[in-house]
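To start, the structure under review is shown below, and the notes come after it.
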Amino acid sequence: MEAVAMGRREEDKEGRGPQAGREPPLPAEKVKEENELHLAKRRKVLCSEFAAITSSDAAVARSFLADNDWHLQRALNAYFEPPLEEEKEEDVDTCMVCRRALMIFIVMSKRYLITAYLVLLDIQVNSLFRIDLTGDATTSNADVNSADLKQKEDDSSFSLITWNIDGLDVGNLKERARGICSYLALYSPDVVFLQEVIQPHLRLLEMRASSYTVIPGNIDGYFTVIMLKKSRVKILKYEIIPFPSTSMMRNLLVVHVSISGNELCLMTSHLESTKDHSKERMKQLKIVLNKMQKESESTTVIFGGDTNLRDSEVAKLGSLPNNIMDIWEFLGRPQHCHYTWDTYSNTNLNAEYKCKLRFDRVYFRPAADGGHIIPRSMDLIGLEKLDCGRFPSDHWGLLCKFDVIL
């Protein structure tokens with residue numbers, strides 16, 4: 001029909017019409033031939049688009065497109081998620097709601113081009129759900145056997161990872177999610193703090209991380225998550241404390257647990273971003289520190305997350321309260337894990353500016369009687385590029401280990 005319409009428009013331009021002296025209409029066979037030529041060209045374009053997105057060849061593209069009535073989106077969905085079992089209707093509805101909610105958020109934030117979002121997210125949301133956290137995925141260039149290095153469960157120690165996983169970057173979303181899961185499987189931490197999580201990540205973790213209790217700080221837009229290894233960590237209660245004046249959907253997620261007979265209060269947050277929001281970020285930091293101090297004296301308190309803090313901002317507070325320590329400083333300021341935001345080394349953003357900052361921090365308030373839990377070490381994770389040529393996140397993650405005095 002498009003070819004016919006275009007033909008009519010060309011006739012109008014040339015002054016042709018039903019009046020005398022005009023050329024007669026094309027024979028039916030000629031019209032049919034032109035329509036078939038147009039259709040063939042359109043299908044060739046669709047094959048090229050499919051092959052470019054999926055890194056497949058023309059034969060594969062033609063097969064999937066033909067099986068899906070030459071509908072590009074349906075063909076892509078079929079390629080990335082072959083129907084192993086019939087989806088429940090409520091799962092489909094939930095997935096659609098997730099995509100729409102995230103679309104609205106990204107449009108409002110004006111952070112990414114909508115066209116790139118619509119193509120990549122629709123494809124990658126479905127394929128994300130096929131990643132198994134407990135499987136044998138590796139960190140690409142750092143091809144390590146997680147079974148050999150997996151930490152043995154030992155009541156005399158426990159481990160914690162905190163990581164902003166940059167869920168708002170839709171580029172290479174599937175590969176980066178797989179990389180993050182690989183690190184979690186490799187180190188098998190007892191506690192995980194994640195920031196900038198989106199619904200596809202949450203659903204992935206709830207489906208695949210069966211050995212963990214997964215507690216989200218929200219379910220809209222992007223949010224924080226705390227994961228607790230079921231075999232080591234007993235959850236007692238949790239709460240979500242809002243930041244009243246945030247403009248970026250930020251809050252404080254607090255979970256009370258028991259580890260090796262010790263009661264802990266675990267907290268994570270993603271404090272307000274960018275230099276322009278320093279005032280709001282400092283308000284949020286004060287809420288965090290006040291909450292840490294108000295916890296029972298018999299409880300060990302650990303806060304970790306993407307604080308977006310500059311050292312000068314902490315100095316304005318007059319340093320941390322006396323009973324709260326920055327674990328990096330407590331361990332002697334080790335240089336190998338100084339900077340967690342490093343645009344010199346981490347090229348995910350392709351940022352023109354170059355800077356190194358310690359955005360991601362872990363704060364520790366020991367129990368009043370002291371000595372039961374002691375920070376032992378801190379290391380960066382996520383330093384290896386994946387096969388897609390990017391890092392799992394634009395932040396490095398922090399792996400912290402603690403000794404438990406029995």
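Ordering of the structure tokens sets the chain letters (A, B, ...), residue numbers begin anew at 1 in every chain, and ligands are numbered from 1 in the order given.
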
Using only C-alpha atoms, tabulate the residues of region 284-375 of chain A lying at most 9 Å from any atom of region 184-206 of chain A, each with its closest atom pair and that distance in Å to one decimal, by chain and increasing residue number, as JSON lines.
```
{"residue": "A:Gly304", "atom": "CA", "partner": "A:Phe193", "partner_atom": "CA", "distance": 6.9}
{"residue": "A:Gly305", "atom": "CA", "partner": "A:Phe193", "partner_atom": "CA", "distance": 6.8}
{"residue": "A:Asp306", "atom": "CA", "partner": "A:Gln195", "partner_atom": "CA", "distance": 6.9}
```

With N, CA and C atoms retained, write the just-selected residues as a short mmCIF file (atom, residue, chain, number, x, y, z; two decimals), in the first residue's frame.
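The resulting file, out05.cif, is shown below:
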```cif
data_model
loop_
_atom_site.label_atom_id
_atom_site.label_comp_id
_atom_site.auth_asym_id
_atom_site.auth_seq_id
_atom_site.Cartn_x
_atom_site.Cartn_y
_atom_site.Cartn_z
N GLY A 304 26.68 1.01 54.53
CA GLY A 304 27.48 1.02 53.31
C GLY A 304 26.64 1.46 52.14
N GLY A 305 27.26 2.16 51.21
CA GLY A 305 26.50 2.58 50.03
C GLY A 305 27.23 3.61 49.21
N ASP A 306 26.54 4.08 48.19
CA ASP A 306 27.05 5.15 47.34
C ASP A 306 26.66 6.47 47.99
#
```

Discussion item. Using only C-alpha atoms, which protein or nucleic acid residues come within 7 Å of region 283-299 of chain A? Drop anything in the same chain fewer than 4 positions from it, and give the result as a ChimeraX atom specification.
Written reply: /A:243,263-265,271,279,367-368

Fill in: Selection near Pro392 (chain A), 8 Å with only C-alpha atoms, sequence-local residues under 2 positions removed, as a ChimeraX atom specification
/A:165,175-177,179-180,382,385-386,390,394

Store the residues of this selection in a file with N, CA, C and O atoms, as a PDB file, in the first residue's frame.
```pdb
ATOM      1  N   ILE A 165      25.348  -0.564  41.038  1.00  0.00           N
ATOM      2  CA  ILE A 165      25.445  -1.382  39.821  1.00  0.00           C
ATOM      3  C   ILE A 165      24.960  -0.649  38.574  1.00  0.00           C
ATOM      4  O   ILE A 165      24.855  -1.240  37.502  1.00  0.00           O
ATOM      5  N   GLU A 175      24.780  -8.137  29.617  1.00  0.00           N
ATOM      6  CA  GLU A 175      26.145  -8.578  29.895  1.00  0.00           C
ATOM      7  C   GLU A 175      26.621  -8.064  31.247  1.00  0.00           C
ATOM      8  O   GLU A 175      27.300  -8.780  32.000  1.00  0.00           O
ATOM      9  N   ARG A 176      26.286  -6.810  31.555  1.00  0.00           N
ATOM     10  CA  ARG A 176      26.738  -6.241  32.825  1.00  0.00           C
ATOM     11  C   ARG A 176      26.039  -6.901  34.013  1.00  0.00           C
ATOM     12  O   ARG A 176      26.650  -7.133  35.062  1.00  0.00           O
ATOM     13  N   ALA A 177      24.750  -7.224  33.863  1.00  0.00           N
ATOM     14  CA  ALA A 177      24.048  -7.932  34.926  1.00  0.00           C
ATOM     15  C   ALA A 177      24.667  -9.303  35.166  1.00  0.00           C
ATOM     16  O   ALA A 177      24.823  -9.742  36.310  1.00  0.00           O
ATOM     17  N   GLY A 179      27.762 -10.062  34.606  1.00  0.00           N
ATOM     18  CA  GLY A 179      29.044  -9.831  35.279  1.00  0.00           C
ATOM     19  C   GLY A 179      28.885  -9.599  36.765  1.00  0.00           C
ATOM     20  O   GLY A 179      29.652 -10.120  37.583  1.00  0.00           O
ATOM     21  N   ILE A 180      27.878  -8.812  37.147  1.00  0.00           N
ATOM     22  CA  ILE A 180      27.619  -8.556  38.565  1.00  0.00           C
ATOM     23  C   ILE A 180      27.267  -9.854  39.282  1.00  0.00           C
ATOM     24  O   ILE A 180      27.769 -10.149  40.379  1.00  0.00           O
ATOM     25  N   GLY A 382      35.045  -5.711  40.510  1.00  0.00           N
ATOM     26  CA  GLY A 382      34.476  -5.197  39.264  1.00  0.00           C
ATOM     27  C   GLY A 382      35.485  -4.501  38.393  1.00  0.00           C
ATOM     28  O   GLY A 382      35.124  -3.683  37.534  1.00  0.00           O
ATOM     29  N   LYS A 385      37.192  -5.793  32.620  1.00  0.00           N
ATOM     30  CA  LYS A 385      36.222  -5.559  31.556  1.00  0.00           C
ATOM     31  C   LYS A 385      35.587  -6.882  31.131  1.00  0.00           C
ATOM     32  O   LYS A 385      36.224  -7.929  31.139  1.00  0.00           O
ATOM     33  N   LEU A 386      34.325  -6.803  30.735  1.00  0.00           N
ATOM     34  CA  LEU A 386      33.599  -7.964  30.246  1.00  0.00           C
ATOM     35  C   LEU A 386      33.857  -8.130  28.748  1.00  0.00           C
ATOM     36  O   LEU A 386      34.502  -7.293  28.108  1.00  0.00           O
ATOM     37  N   ARG A 390      33.009  -3.453  28.285  1.00  0.00           N
ATOM     38  CA  ARG A 390      32.684  -2.501  29.348  1.00  0.00           C
ATOM     39  C   ARG A 390      32.814  -3.190  30.698  1.00  0.00           C
ATOM     40  O   ARG A 390      32.840  -4.418  30.794  1.00  0.00           O
ATOM     41  N   ASP A 394      29.794   1.602  36.382  1.00  0.00           N
ATOM     42  CA  ASP A 394      30.698   2.749  36.360  1.00  0.00           C
ATOM     43  C   ASP A 394      31.339   2.978  37.723  1.00  0.00           C
ATOM     44  O   ASP A 394      32.240   3.804  37.862  1.00  0.00           O
TER      45      ASP A 394
END
```

Practice prompt. Name the closest residue to Ser156 (chain A) among the candidates A:Pro321, A:Gly261, A:Gly397, A:Pro366; distances are taken between atoms, counting only C-alpha atoms.
Written response: A:Gly261

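Nearest to Leu380 (chain A) of all the residues A:Asn172, A:Gln335, A:Ser278, A:Ser231 is A:Gln335, counting only C-alpha atoms.
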
Fill in: 12 Å contact set for Pro334 (chain A), only C-alpha atoms, chain neighbours under 3 positions out, as a ChimeraX atom specification
/A:327-331,337-339,377-380

Generate a file of the selected residues that holds N, CA and C atoms, formatted as a short mmCIF file (atom, residue, chain, number, x, y, z; two decimals), in the first residue's frame.
```cif
data_model
loop_
_atom_site.label_atom_id
_atom_site.label_comp_id
_atom_site.auth_asym_id
_atom_site.auth_seq_id
_atom_site.Cartn_x
_atom_site.Cartn_y
_atom_site.Cartn_z
N ILE A 327 35.53 2.72 57.72
CA ILE A 327 36.34 1.50 57.71
C ILE A 327 37.61 1.67 56.89
N TRP A 328 37.55 2.39 55.79
CA TRP A 328 38.74 2.62 54.98
C TRP A 328 39.81 3.34 55.80
N GLU A 329 39.41 4.33 56.58
CA GLU A 329 40.36 5.04 57.43
C GLU A 329 40.84 4.16 58.58
N PHE A 330 39.94 3.36 59.15
CA PHE A 330 40.30 2.46 60.25
C PHE A 330 41.37 1.47 59.81
N LEU A 331 41.30 1.03 58.55
CA LEU A 331 42.25 0.05 58.03
C LEU A 331 43.56 0.67 57.57
N CYS A 337 42.33 0.53 47.45
CA CYS A 337 40.86 0.65 47.41
C CYS A 337 40.40 2.06 47.76
N HIS A 338 41.25 3.03 47.40
CA HIS A 338 40.94 4.42 47.74
C HIS A 338 39.75 4.96 46.93
N TYR A 339 39.83 4.83 45.61
CA TYR A 339 38.84 5.47 44.75
C TYR A 339 37.86 4.45 44.18
N SER A 377 39.49 -6.32 56.35
CA SER A 377 40.07 -5.95 55.06
C SER A 377 39.03 -5.30 54.17
N MET A 378 39.54 -4.61 53.14
CA MET A 378 38.68 -3.98 52.14
C MET A 378 39.36 -4.07 50.78
N ASP A 379 38.61 -4.44 49.76
CA ASP A 379 39.15 -4.54 48.40
C ASP A 379 38.12 -4.04 47.39
N LEU A 380 38.63 -3.64 46.23
CA LEU A 380 37.76 -3.25 45.12
C LEU A 380 37.41 -4.48 44.29
#
```

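Of note, CA of Ile235 (chain A) and CA of Arg208 (chain A) are spaced 19.6 Å apart.
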
Response to the item:
Leu46 (chain A) proximity check over A:Glu239, A:Asp69, A:Asp369, A:Asp387, using only C-alpha atoms: winner is A:Asp69

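The residue that comes closest to Pro375 (chain A), out of A:Lys401, A:Arg310, A:Lys44, A:Arg74 and on the basis of only C-alpha atoms, is A:Lys401.
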
What are the DSSP helix (DSSP H, G or I) residues of region 146-377 of chain A, as a PDB file with N, CA and C atoms, in the first residue's frame?
```pdb
ATOM      1  N   SER A 146      34.791 -20.137  40.428  1.00  0.00           N
ATOM      2  CA  SER A 146      34.216 -19.684  41.692  1.00  0.00           C
ATOM      3  C   SER A 146      34.121 -20.810  42.696  1.00  0.00           C
ATOM      4  N   ALA A 147      34.002 -22.045  42.236  1.00  0.00           N
ATOM      5  CA  ALA A 147      33.897 -23.161  43.164  1.00  0.00           C
ATOM      6  C   ALA A 147      35.182 -23.318  43.980  1.00  0.00           C
ATOM      7  N   ASP A 148      36.334 -23.018  43.345  1.00  0.00           N
ATOM      8  CA  ASP A 148      37.604 -23.168  44.043  1.00  0.00           C
ATOM      9  C   ASP A 148      37.830 -22.070  45.075  1.00  0.00           C
ATOM     10  N   LEU A 149      37.309 -20.835  44.763  1.00  0.00           N
ATOM     11  CA  LEU A 149      37.592 -19.703  45.633  1.00  0.00           C
ATOM     12  C   LEU A 149      36.458 -19.369  46.575  1.00  0.00           C
ATOM     13  N   LEU A 173      23.118  -4.018  29.100  1.00  0.00           N
ATOM     14  CA  LEU A 173      22.471  -4.320  30.375  1.00  0.00           C
ATOM     15  C   LEU A 173      22.568  -5.800  30.723  1.00  0.00           C
ATOM     16  N   LYS A 174      22.342  -6.665  29.728  1.00  0.00           N
ATOM     17  CA  LYS A 174      22.374  -8.102  29.968  1.00  0.00           C
ATOM     18  C   LYS A 174      23.770  -8.557  30.369  1.00  0.00           C
ATOM     19  N   GLU A 175      24.780  -8.137  29.617  1.00  0.00           N
ATOM     20  CA  GLU A 175      26.145  -8.578  29.895  1.00  0.00           C
ATOM     21  C   GLU A 175      26.621  -8.064  31.247  1.00  0.00           C
ATOM     22  N   ARG A 176      26.286  -6.810  31.555  1.00  0.00           N
ATOM     23  CA  ARG A 176      26.738  -6.241  32.825  1.00  0.00           C
ATOM     24  C   ARG A 176      26.039  -6.901  34.013  1.00  0.00           C
ATOM     25  N   ALA A 177      24.750  -7.224  33.863  1.00  0.00           N
ATOM     26  CA  ALA A 177      24.048  -7.932  34.926  1.00  0.00           C
ATOM     27  C   ALA A 177      24.667  -9.303  35.166  1.00  0.00           C
ATOM     28  N   ARG A 178      25.034  -9.966  34.067  1.00  0.00           N
ATOM     29  CA  ARG A 178      25.685 -11.274  34.202  1.00  0.00           C
ATOM     30  C   ARG A 178      27.022 -11.124  34.930  1.00  0.00           C
ATOM     31  N   GLY A 179      27.762 -10.062  34.606  1.00  0.00           N
ATOM     32  CA  GLY A 179      29.044  -9.831  35.279  1.00  0.00           C
ATOM     33  C   GLY A 179      28.885  -9.599  36.765  1.00  0.00           C
ATOM     34  N   ILE A 180      27.878  -8.812  37.147  1.00  0.00           N
ATOM     35  CA  ILE A 180      27.619  -8.556  38.565  1.00  0.00           C
ATOM     36  C   ILE A 180      27.267  -9.854  39.282  1.00  0.00           C
ATOM     37  N   CYS A 181      26.411 -10.652  38.667  1.00  0.00           N
ATOM     38  CA  CYS A 181      26.037 -11.940  39.263  1.00  0.00           C
ATOM     39  C   CYS A 181      27.248 -12.850  39.400  1.00  0.00           C
ATOM     40  N   SER A 182      28.160 -12.771  38.443  1.00  0.00           N
ATOM     41  CA  SER A 182      29.363 -13.593  38.505  1.00  0.00           C
ATOM     42  C   SER A 182      30.203 -13.243  39.724  1.00  0.00           C
ATOM     43  N   TYR A 183      30.318 -11.954  40.003  1.00  0.00           N
ATOM     44  CA  TYR A 183      31.087 -11.538  41.179  1.00  0.00           C
ATOM     45  C   TYR A 183      30.410 -11.994  42.472  1.00  0.00           C
ATOM     46  N   LEU A 184      29.099 -11.907  42.528  1.00  0.00           N
ATOM     47  CA  LEU A 184      28.394 -12.357  43.725  1.00  0.00           C
ATOM     48  C   LEU A 184      28.568 -13.865  43.911  1.00  0.00           C
ATOM     49  N   ALA A 185      28.518 -14.601  42.803  1.00  0.00           N
ATOM     50  CA  ALA A 185      28.729 -16.042  42.898  1.00  0.00           C
ATOM     51  C   ALA A 185      30.173 -16.366  43.274  1.00  0.00           C
ATOM     52  N   LEU A 186      31.116 -15.577  42.772  1.00  0.00           N
ATOM     53  CA  LEU A 186      32.529 -15.806  43.038  1.00  0.00           C
ATOM     54  C   LEU A 186      32.865 -15.618  44.514  1.00  0.00           C
ATOM     55  N   TYR A 187      32.413 -14.505  45.092  1.00  0.00           N
ATOM     56  CA  TYR A 187      32.791 -14.176  46.469  1.00  0.00           C
ATOM     57  C   TYR A 187      31.799 -14.708  47.507  1.00  0.00           C
ATOM     58  N   GLN A 199      13.905  -2.669  38.287  1.00  0.00           N
ATOM     59  CA  GLN A 199      13.016  -3.823  38.399  1.00  0.00           C
ATOM     60  C   GLN A 199      13.552  -5.089  37.732  1.00  0.00           C
ATOM     61  N   PRO A 200      14.129  -5.023  36.539  1.00  0.00           N
ATOM     62  CA  PRO A 200      14.676  -6.251  35.954  1.00  0.00           C
ATOM     63  C   PRO A 200      15.727  -6.912  36.836  1.00  0.00           C
ATOM     64  N   HIS A 201      16.598  -6.096  37.473  1.00  0.00           N
ATOM     65  CA  HIS A 201      17.584  -6.658  38.398  1.00  0.00           C
ATOM     66  C   HIS A 201      16.888  -7.332  39.574  1.00  0.00           C
ATOM     67  N   LEU A 202      15.888  -6.651  40.135  1.00  0.00           N
ATOM     68  CA  LEU A 202      15.204  -7.189  41.313  1.00  0.00           C
ATOM     69  C   LEU A 202      14.551  -8.523  40.990  1.00  0.00           C
ATOM     70  N   ARG A 203      13.880  -8.578  39.847  1.00  0.00           N
ATOM     71  CA  ARG A 203      13.213  -9.819  39.488  1.00  0.00           C
ATOM     72  C   ARG A 203      14.238 -10.927  39.244  1.00  0.00           C
ATOM     73  N   LEU A 204      15.339 -10.575  38.621  1.00  0.00           N
ATOM     74  CA  LEU A 204      16.416 -11.540  38.398  1.00  0.00           C
ATOM     75  C   LEU A 204      16.913 -12.106  39.722  1.00  0.00           C
ATOM     76  N   LEU A 205      17.184 -11.235  40.680  1.00  0.00           N
ATOM     77  CA  LEU A 205      17.711 -11.675  41.971  1.00  0.00           C
ATOM     78  C   LEU A 205      16.700 -12.530  42.722  1.00  0.00           C
ATOM     79  N   GLU A 206      15.442 -12.131  42.689  1.00  0.00           N
ATOM     80  CA  GLU A 206      14.411 -12.894  43.395  1.00  0.00           C
ATOM     81  C   GLU A 206      14.229 -14.285  42.779  1.00  0.00           C
ATOM     82  N   MET A 207      14.414 -14.377  41.455  1.00  0.00           N
ATOM     83  CA  MET A 207      14.226 -15.659  40.781  1.00  0.00           C
ATOM     84  C   MET A 207      15.441 -16.572  40.918  1.00  0.00           C
ATOM     85  N   ARG A 208      16.649 -15.988  40.846  1.00  0.00           N
ATOM     86  CA  ARG A 208      17.857 -16.796  40.737  1.00  0.00           C
ATOM     87  C   ARG A 208      18.658 -16.913  42.025  1.00  0.00           C
ATOM     88  N   LYS A 275      27.337  17.449  42.381  1.00  0.00           N
ATOM     89  CA  LYS A 275      27.896  18.515  43.207  1.00  0.00           C
ATOM     90  C   LYS A 275      26.827  19.546  43.580  1.00  0.00           C
ATOM     91  N   ASP A 276      25.876  19.790  42.683  1.00  0.00           N
ATOM     92  CA  ASP A 276      24.853  20.807  42.921  1.00  0.00           C
ATOM     93  C   ASP A 276      23.900  20.446  44.061  1.00  0.00           C
ATOM     94  N   HIS A 277      23.853  19.171  44.443  1.00  0.00           N
ATOM     95  CA  HIS A 277      22.927  18.740  45.488  1.00  0.00           C
ATOM     96  C   HIS A 277      23.655  18.425  46.793  1.00  0.00           C
ATOM     97  N   SER A 278      24.734  19.137  47.035  1.00  0.00           N
ATOM     98  CA  SER A 278      25.535  18.904  48.239  1.00  0.00           C
ATOM     99  C   SER A 278      24.728  19.159  49.514  1.00  0.00           C
ATOM    100  N   LYS A 279      23.942  20.205  49.522  1.00  0.00           N
ATOM    101  CA  LYS A 279      23.165  20.552  50.724  1.00  0.00           C
ATOM    102  C   LYS A 279      22.201  19.437  51.102  1.00  0.00           C
ATOM    103  N   GLU A 280      21.488  18.902  50.112  1.00  0.00           N
ATOM    104  CA  GLU A 280      20.554  17.806  50.384  1.00  0.00           C
ATOM    105  C   GLU A 280      21.310  16.542  50.794  1.00  0.00           C
ATOM    106  N   ARG A 281      22.452  16.299  50.164  1.00  0.00           N
ATOM    107  CA  ARG A 281      23.260  15.125  50.497  1.00  0.00           C
ATOM    108  C   ARG A 281      23.717  15.180  51.963  1.00  0.00           C
ATOM    109  N   MET A 282      24.091  16.356  52.425  1.00  0.00           N
ATOM    110  CA  MET A 282      24.534  16.499  53.812  1.00  0.00           C
ATOM    111  C   MET A 282      23.375  16.279  54.791  1.00  0.00           C
ATOM    112  N   LYS A 283      22.185  16.715  54.413  1.00  0.00           N
ATOM    113  CA  LYS A 283      20.999  16.434  55.243  1.00  0.00           C
ATOM    114  C   LYS A 283      20.800  14.923  55.372  1.00  0.00           C
ATOM    115  N   GLN A 284      20.946  14.234  54.266  1.00  0.00           N
ATOM    116  CA  GLN A 284      20.743  12.777  54.260  1.00  0.00           C
ATOM    117  C   GLN A 284      21.822  12.074  55.083  1.00  0.00           C
ATOM    118  N   LEU A 285      23.059  12.549  54.979  1.00  0.00           N
ATOM    119  CA  LEU A 285      24.141  11.957  55.766  1.00  0.00           C
ATOM    120  C   LEU A 285      23.865  12.107  57.260  1.00  0.00           C
ATOM    121  N   LYS A 286      23.347  13.245  57.660  1.00  0.00           N
ATOM    122  CA  LYS A 286      23.030  13.466  59.082  1.00  0.00           C
ATOM    123  C   LYS A 286      21.947  12.502  59.550  1.00  0.00           C
ATOM    124  N   ILE A 287      20.965  12.225  58.689  1.00  0.00           N
ATOM    125  CA  ILE A 287      19.925  11.254  59.040  1.00  0.00           C
ATOM    126  C   ILE A 287      20.544   9.876  59.247  1.00  0.00           C
ATOM    127  N   VAL A 288      21.468   9.515  58.367  1.00  0.00           N
ATOM    128  CA  VAL A 288      22.144   8.217  58.474  1.00  0.00           C
ATOM    129  C   VAL A 288      22.918   8.122  59.784  1.00  0.00           C
ATOM    130  N   LEU A 289      23.733   9.149  60.070  1.00  0.00           N
ATOM    131  CA  LEU A 289      24.571   9.116  61.266  1.00  0.00           C
ATOM    132  C   LEU A 289      23.725   9.127  62.540  1.00  0.00           C
ATOM    133  N   ASN A 290      22.649   9.899  62.532  1.00  0.00           N
ATOM    134  CA  ASN A 290      21.763   9.928  63.702  1.00  0.00           C
ATOM    135  C   ASN A 290      21.130   8.560  63.939  1.00  0.00           C
ATOM    136  N   LYS A 291      20.711   7.900  62.846  1.00  0.00           N
ATOM    137  CA  LYS A 291      20.113   6.572  62.968  1.00  0.00           C
ATOM    138  C   LYS A 291      21.133   5.574  63.504  1.00  0.00           C
ATOM    139  N   MET A 292      22.373   5.677  63.049  1.00  0.00           N
ATOM    140  CA  MET A 292      23.417   4.771  63.536  1.00  0.00           C
ATOM    141  C   MET A 292      23.633   4.948  65.030  1.00  0.00           C
ATOM    142  N   GLN A 293      23.606   6.174  65.501  1.00  0.00           N
ATOM    143  CA  GLN A 293      23.857   6.445  66.911  1.00  0.00           C
ATOM    144  C   GLN A 293      22.681   6.057  67.807  1.00  0.00           C
ATOM    145  N   LYS A 294      21.477   6.080  67.253  1.00  0.00           N
ATOM    146  CA  LYS A 294      20.294   5.786  68.060  1.00  0.00           C
ATOM    147  C   LYS A 294      20.062   4.287  68.259  1.00  0.00           C
ATOM    148  N   ASP A 311      35.330  14.576  50.327  1.00  0.00           N
ATOM    149  CA  ASP A 311      35.971  14.686  51.638  1.00  0.00           C
ATOM    150  C   ASP A 311      35.703  16.039  52.284  1.00  0.00           C
ATOM    151  N   SER A 312      35.628  17.076  51.465  1.00  0.00           N
ATOM    152  CA  SER A 312      35.390  18.419  52.002  1.00  0.00           C
ATOM    153  C   SER A 312      34.026  18.518  52.677  1.00  0.00           C
ATOM    154  N   GLU A 313      33.058  17.742  52.188  1.00  0.00           N
ATOM    155  CA  GLU A 313      31.720  17.774  52.780  1.00  0.00           C
ATOM    156  C   GLU A 313      31.724  17.134  54.173  1.00  0.00           C
ATOM    157  N   VAL A 314      32.463  16.031  54.306  1.00  0.00           N
ATOM    158  CA  VAL A 314      32.563  15.395  55.623  1.00  0.00           C
ATOM    159  C   VAL A 314      33.305  16.307  56.591  1.00  0.00           C
ATOM    160  N   ALA A 315      34.312  17.005  56.089  1.00  0.00           N
ATOM    161  CA  ALA A 315      35.079  17.917  56.945  1.00  0.00           C
ATOM    162  C   ALA A 315      34.196  19.031  57.494  1.00  0.00           C
ATOM    163  N   LYS A 316      33.221  19.460  56.696  1.00  0.00           N
ATOM    164  CA  LYS A 316      32.315  20.514  57.156  1.00  0.00           C
ATOM    165  C   LYS A 316      31.491  20.073  58.359  1.00  0.00           C
ATOM    166  N   ILE A 327      35.532   2.717  57.723  1.00  0.00           N
ATOM    167  CA  ILE A 327      36.344   1.496  57.714  1.00  0.00           C
ATOM    168  C   ILE A 327      37.612   1.669  56.890  1.00  0.00           C
ATOM    169  N   TRP A 328      37.545   2.391  55.793  1.00  0.00           N
ATOM    170  CA  TRP A 328      38.744   2.623  54.979  1.00  0.00           C
ATOM    171  C   TRP A 328      39.807   3.344  55.804  1.00  0.00           C
ATOM    172  N   GLU A 329      39.410   4.330  56.581  1.00  0.00           N
ATOM    173  CA  GLU A 329      40.357   5.042  57.426  1.00  0.00           C
ATOM    174  C   GLU A 329      40.839   4.156  58.576  1.00  0.00           C
ATOM    175  N   PHE A 330      39.938   3.364  59.154  1.00  0.00           N
ATOM    176  CA  PHE A 330      40.299   2.461  60.251  1.00  0.00           C
ATOM    177  C   PHE A 330      41.367   1.465  59.813  1.00  0.00           C
ATOM    178  N   GLN A 335      45.682   2.336  49.784  1.00  0.00           N
ATOM    179  CA  GLN A 335      45.570   3.030  48.495  1.00  0.00           C
ATOM    180  C   GLN A 335      44.944   2.165  47.404  1.00  0.00           C
ATOM    181  N   HIS A 336      45.039   0.844  47.536  1.00  0.00           N
ATOM    182  CA  HIS A 336      44.509  -0.015  46.480  1.00  0.00           C
ATOM    183  C   HIS A 336      42.984   0.038  46.390  1.00  0.00           C
ATOM    184  N   CYS A 337      42.326   0.533  47.448  1.00  0.00           N
ATOM    185  CA  CYS A 337      40.861   0.647  47.411  1.00  0.00           C
ATOM    186  C   CYS A 337      40.402   2.059  47.764  1.00  0.00           C
TER     187      CYS A 337
END
```

Item to complete: Excluding Ile373 (chain A) and residues on its chain fewer than 4 positions from it, collect all residues at most 7 Å away from it, counting only C-alpha atoms, and give them as a PyMOL selection string.
Response: chain A and resi 402-405

Could the residues in this selection be written to a file with N, CA, C and O atoms, as a PDB file, in the first residue's frame?
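That gives us out-v5.pdb:
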```
ATOM      1  N   PHE A 402      35.069  -9.101  57.803  1.00  0.00           N
ATOM      2  CA  PHE A 402      35.055  -8.817  59.235  1.00  0.00           C
ATOM      3  C   PHE A 402      35.403 -10.084  60.014  1.00  0.00           C
ATOM      4  O   PHE A 402      35.026 -11.192  59.627  1.00  0.00           O
ATOM      5  N   ASP A 403      36.119  -9.896  61.115  1.00  0.00           N
ATOM      6  CA  ASP A 403      36.361 -10.991  62.049  1.00  0.00           C
ATOM      7  C   ASP A 403      35.294 -10.948  63.137  1.00  0.00           C
ATOM      8  O   ASP A 403      34.910  -9.871  63.616  1.00  0.00           O
ATOM      9  N   VAL A 404      34.814 -12.126  63.504  1.00  0.00           N
ATOM     10  CA  VAL A 404      33.861 -12.254  64.599  1.00  0.00           C
ATOM     11  C   VAL A 404      34.557 -12.951  65.761  1.00  0.00           C
ATOM     12  O   VAL A 404      35.017 -14.084  65.630  1.00  0.00           O
ATOM     13  N   ILE A 405      34.668 -12.260  66.882  1.00  0.00           N
ATOM     14  CA  ILE A 405      35.322 -12.819  68.071  1.00  0.00           C
ATOM     15  C   ILE A 405      34.297 -13.633  68.834  1.00  0.00           C
ATOM     16  O   ILE A 405      33.346 -13.101  69.394  1.00  0.00           O
TER      17      ILE A 405
END
```

Worksheet, complete the sentence: Judged by only C-alpha atoms, the minimum distance to Gln73 (chain A) among A:Phe158, A:Glu36, A:Ala59, A:Phe50 is found for A:Phe50
